[in-house]
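Read through the structure below, which is laid out as structure tokens, and then see the notes.
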Amino acid sequence: MGLSKTIWANPSELLRAQKPENPVMFFAPTVLQATARRFIAGFPGLVTYAVKSNPDEMVVQNLVAAGIRGFDVASPWEIDMIRRLAPTAALHYNNPVRARAEIAHAVAANVKSWSVDSHSELTKLIEMVPAAGCEISVRYKLPVAGAAYNFGAKFGATVEVAAELLAKVAEAGFVPSLTFHPGTQCTDPMAWDAYIRAGAEICAQAGVKAARLNVGGGFPSHRLNEVVPQLEATFALIDRVATEAFGADRPALICEPGRGLVADSFTLATKVKALRDDAHVFINDGVYGALTELPMIGVIDRTEVISTEGVKRDAPRRERIVFGPTCDSVDRLPGELALPGDLQEGDYLVFHGMGAYSTATNTRFNGFGDVLLATTLSLR
Ligand SMILES: *Cc1c(COP(=O)(O)O)cnc(C)c1O
């Protein structure tokens with residue numbers, strides 16, 4: 001990605017002045033810092049950031065500036081990057097499957113918190129990681145709905161296996177903890193209710209008091225105009241249910257949002273390359289670019305169309321099929337998008353809430369994907 005050194009008041013200003021031919025990702029540090037402070041003020045425990053959702057160094061630096069002191073890392077690359085940018089931050093290595101070389105790398109980097117979801121991976125950790133002062137969190141899963149897709153499909157032990165693992169962690173002299181992930185873009189807070197109560201059940205079965213409970217990422221960002229995330233209500237539910245479920249043995253809480261922290265601080269401007277026979281809209285970014293996630297978790301309807309003069313189109317909206325720039329027929333946004341009826345070739349189609357799993361998963365397929373990164377004071 002190219003980096004624009006100038007700071008713009010808002011996306012329209014850059015679009016009017018520069019009329020960029022490539023997609024532009026606008027980053028508003030003030031929005032990111034405000035979101036981080038909202039989590040820190042509202043969440044009843046330690047707030048950490050899941051680096052994979054957007055590993056841009058500007059993101060990490062602004063999170064540190066806002067007071068984030070812990071990071072969920074999943075690879076040696078992420079470990080080294082955070083050690084460099086935030087040398088004193090806590091690293092939580094919460095990818096529960098690791099090669100032995102990756103474990104050795106993390107031990108050398110002084111990682112003190114790990115997660116595990118299987119006997120075989122726990123055996124590796126017990127062999128390779130010095131136990132003193134080191135935490136191992138057992139990752140468990142439940143068959144609960146509420147998220148955009150099910151994270152339990154890949155990681156997480158059943159309640160029964162989690163209890164065995166937790167007992168083994170304690171026995172081996174590690175600090176025993178628990179962790180789960182309710183699934184990304186989880187708009188139903190009751191998923192946390194079920195998971196937290198299951199955590200107490202695991203402790204009871206294992207006969208172990210958990211030091212900490214990591215309630216995951218999964219906090220939703222604002223993707224649909226009609227569905228405004230209720231972060232504070234979710235924090236309050238987590239707080240209440242943790243006390244109800246664990247009583248006097250309530251563990252310290254951690255969360256590790258990726259999307260919920262970073263998504264709303266980025267806006268993507270794409271250019272309308274063509275309005276084919278007044279029907280289909282072709283834009284210069286798509287599912288192989290920053291819009292990768294849309295076919296998996298649904299469309300973002302927080303859109304605006306801005307003319308090359310920087311004026312917002314405001315005719316009544318009409319449903320359109322939107323295609324990305326590559327020659328692959330799957331390069332299409334899901335369903336149809338309601339876009340202003342006066343949309344024209346050359347306009348910019350702008351998507352808000354684009355900070356998570358966008359730049360991180362952008363490819364250069366078919367020679368597209370050259371995204372400019374620009375900093376703005378605001379996103380509107
Ligand atoms: C991806 C991931 C997260 C972040 O998930 P979001 O849905 O982006 O909040 C947190 N923890 C773990 C272990 C993850 O793999």
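By convention here, the chains of the structure tokens are called A, B, ... in the order presented, each chain's residues are numbered starting at 1, and ligands are numbered starting at 1 in the order presented.
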For segment 241-244 of chain A, work out the shell of residues within 7 Å, counting only C-alpha atoms and skipping chain neighbours fewer than 6 positions away, then give it as a list in words.
Asp193, Ile196 and Arg250 of chain A
Please identify all protein, DNA and RNA residues within 6 Å of ligand 1, counting only C-alpha atoms and all ligand atoms, and report them as a PyMOL selection string.
chain A and resi 50+53+94-95+184-185+216-219+256-260
Output of the above residues as a compact mmCIF listing (two decimals), in the first residue's frame, restricted to all heavy atoms:
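Below is the file that was written, again.txt:
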```
# COMPACT_ATOMS: atom_id res chain seq x y z
N ALA A 50 -6.52 -7.94 18.82
CA ALA A 50 -6.20 -9.07 17.93
C ALA A 50 -5.53 -8.52 16.67
O ALA A 50 -6.21 -7.99 15.78
CB ALA A 50 -7.46 -9.86 17.59
N SER A 53 -6.50 -8.66 12.63
CA SER A 53 -7.60 -7.97 11.95
C SER A 53 -7.11 -6.77 11.14
O SER A 53 -7.70 -6.43 10.12
CB SER A 53 -8.66 -7.53 12.95
OG SER A 53 -8.08 -6.70 13.93
N ASN A 94 -2.37 -16.62 21.18
CA ASN A 94 -3.63 -17.36 21.25
C ASN A 94 -4.02 -18.06 19.96
O ASN A 94 -5.21 -18.22 19.67
CB ASN A 94 -4.75 -16.44 21.76
CG ASN A 94 -4.62 -16.24 23.26
OD1 ASN A 94 -3.85 -16.93 23.92
ND2 ASN A 94 -5.36 -15.29 23.81
N ASN A 95 -3.03 -18.46 19.20
CA ASN A 95 -3.28 -19.38 18.09
C ASN A 95 -2.99 -20.77 18.66
O ASN A 95 -1.84 -21.08 18.96
CB ASN A 95 -2.32 -19.05 16.94
CG ASN A 95 -2.51 -19.96 15.75
OD1 ASN A 95 -3.15 -21.01 15.85
ND2 ASN A 95 -1.95 -19.58 14.62
N THR A 184 -16.87 -14.19 14.91
CA THR A 184 -16.68 -12.78 14.57
C THR A 184 -18.01 -12.08 14.27
O THR A 184 -18.99 -12.73 13.89
CB THR A 184 -15.68 -12.66 13.40
OG1 THR A 184 -15.12 -11.34 13.42
CG2 THR A 184 -16.33 -12.95 12.05
N GLN A 185 -18.04 -10.75 14.45
CA GLN A 185 -19.26 -9.95 14.22
C GLN A 185 -20.44 -10.61 14.94
O GLN A 185 -21.47 -10.91 14.34
CB GLN A 185 -19.51 -9.80 12.71
CG GLN A 185 -20.66 -8.88 12.33
CD GLN A 185 -20.40 -7.41 12.64
OE1 GLN A 185 -19.28 -7.00 12.87
NE2 GLN A 185 -21.44 -6.60 12.68
N GLY A 216 -12.71 -13.34 24.40
CA GLY A 216 -12.54 -13.33 22.96
C GLY A 216 -12.67 -11.99 22.28
O GLY A 216 -12.82 -10.93 22.90
N GLY A 217 -12.63 -12.13 20.96
CA GLY A 217 -13.03 -11.05 20.09
C GLY A 217 -14.50 -11.29 19.80
O GLY A 217 -15.23 -11.80 20.65
N GLY A 218 -14.90 -10.94 18.60
CA GLY A 218 -16.29 -11.16 18.21
C GLY A 218 -17.17 -9.94 18.38
O GLY A 218 -18.30 -9.93 17.88
N PHE A 219 -16.67 -8.92 19.08
CA PHE A 219 -17.48 -7.70 19.27
C PHE A 219 -17.76 -7.09 17.90
O PHE A 219 -16.85 -6.90 17.10
CB PHE A 219 -16.75 -6.71 20.18
CG PHE A 219 -16.50 -7.27 21.56
CD1 PHE A 219 -15.35 -7.99 21.83
CD2 PHE A 219 -17.45 -7.13 22.55
CE1 PHE A 219 -15.13 -8.54 23.09
CE2 PHE A 219 -17.25 -7.68 23.82
CZ PHE A 219 -16.08 -8.39 24.08
N GLU A 256 -10.26 -9.64 23.61
CA GLU A 256 -9.26 -9.47 22.54
C GLU A 256 -9.95 -9.16 21.22
O GLU A 256 -9.85 -9.90 20.25
CB GLU A 256 -8.35 -10.70 22.42
CG GLU A 256 -9.08 -12.03 22.32
CD GLU A 256 -8.16 -13.25 22.27
OE1 GLU A 256 -6.95 -13.12 22.54
OE2 GLU A 256 -8.66 -14.33 21.95
N PRO A 257 -10.65 -8.00 21.16
CA PRO A 257 -11.33 -7.63 19.92
C PRO A 257 -10.35 -7.28 18.80
O PRO A 257 -9.28 -6.72 19.05
CB PRO A 257 -12.13 -6.39 20.32
CG PRO A 257 -11.39 -5.82 21.49
CD PRO A 257 -10.81 -6.99 22.21
N GLY A 258 -10.72 -7.65 17.60
CA GLY A 258 -10.02 -7.17 16.41
C GLY A 258 -10.97 -6.20 15.73
O GLY A 258 -10.88 -4.98 15.86
N ARG A 259 -11.97 -6.76 15.06
CA ARG A 259 -12.97 -5.99 14.33
C ARG A 259 -13.58 -4.86 15.16
O ARG A 259 -13.67 -3.72 14.69
CB ARG A 259 -14.07 -6.94 13.88
CG ARG A 259 -15.21 -6.28 13.12
CD ARG A 259 -16.37 -7.25 12.94
NE ARG A 259 -15.95 -8.53 12.40
CZ ARG A 259 -15.65 -8.73 11.12
NH1 ARG A 259 -15.72 -7.75 10.26
NH2 ARG A 259 -15.27 -9.92 10.71
N GLY A 260 -14.04 -5.19 16.38
CA GLY A 260 -14.75 -4.21 17.21
C GLY A 260 -13.92 -2.98 17.51
O GLY A 260 -14.44 -1.89 17.68
```
Who sits within 9 Å of Lys141 of chain A, only C-alpha atoms, same chain under 5 positions skipped, as a PyMOL selection string
chain A and resi 151-153+155-159+162+180-182+195
Could you write out the selected residues, including C-alpha atoms, as a compact mmCIF listing (two decimals), in the first residue's frame?
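After the write, again-v7.txt holds the following:
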```txt
# COMPACT_ATOMS: atom_id res chain seq x y z
CA PHE A 151 -15.24 -20.00 14.90
CA GLY A 152 -15.72 -23.32 16.71
CA ALA A 153 -15.43 -25.04 13.33
CA PHE A 155 -10.55 -24.24 17.17
CA GLY A 156 -11.81 -25.07 20.63
CA ALA A 157 -12.14 -28.15 22.84
CA THR A 158 -15.47 -29.51 24.03
CA VAL A 159 -16.39 -28.75 27.64
CA ALA A 162 -11.40 -28.53 28.19
CA PHE A 180 -13.14 -18.70 23.96
CA HIS A 181 -14.14 -16.82 20.82
CA PRO A 182 -17.89 -16.55 20.18
CA TYR A 195 -19.84 -19.27 26.99
```
Give me, as a list in words, all polymer residues having an atom no more than 12 Å from Ala86 of chain A, counting only C-alpha atoms and skipping those fewer than 5 positions away in the same chain.
Glu57, Val59, Val60, Gln61, Asn62, Leu63, Val64, Ala65, Gly67, Ile68, Arg69, Gly70, Phe71, Glu78, Ile79, Asp80, Met81 and Leu91 of chain A
Save the residues we just selected, C-alpha atoms, as an mmCIF file, in the first residue's frame?
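As a result, out_27.cif now contains:
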```
data_model
loop_
_atom_site.group_PDB
_atom_site.id
_atom_site.type_symbol
_atom_site.label_atom_id
_atom_site.label_comp_id
_atom_site.auth_asym_id
_atom_site.auth_seq_id
_atom_site.Cartn_x
_atom_site.Cartn_y
_atom_site.Cartn_z
ATOM 1 C CA GLU A 57 1.792 -0.101 12.206
ATOM 2 C CA VAL A 59 -3.061 1.132 13.916
ATOM 3 C CA VAL A 60 -0.815 -0.448 16.537
ATOM 4 C CA GLN A 61 0.807 2.900 17.375
ATOM 5 C CA ASN A 62 -2.538 4.628 17.834
ATOM 6 C CA LEU A 63 -3.852 1.809 20.003
ATOM 7 C CA VAL A 64 -0.775 2.084 22.213
ATOM 8 C CA ALA A 65 -1.291 5.856 22.393
ATOM 9 C CA GLY A 67 -3.778 2.944 26.289
ATOM 10 C CA ILE A 68 -3.908 -0.599 24.841
ATOM 11 C CA ARG A 69 -1.270 -2.657 26.667
ATOM 12 C CA GLY A 70 -1.876 -6.194 25.436
ATOM 13 C CA PHE A 71 -1.996 -7.901 22.044
ATOM 14 C CA GLU A 78 3.122 -10.586 14.702
ATOM 15 C CA ILE A 79 5.160 -11.258 17.864
ATOM 16 C CA ASP A 80 8.223 -9.473 16.437
ATOM 17 C CA MET A 81 6.177 -6.536 15.146
ATOM 18 C CA LEU A 91 1.712 -10.775 24.259
#
```
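Taking atom CA of Arg380 of chain A and atom CA of Val305 of chain A as endpoints, the distance between them is 12.0 Å.
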Selection near Arg38 of chain A, 9 Å with only C-alpha atoms, sequence-local residues under 5 positions removed, as a ChimeraX atom specification:
/A:33,43,231-232
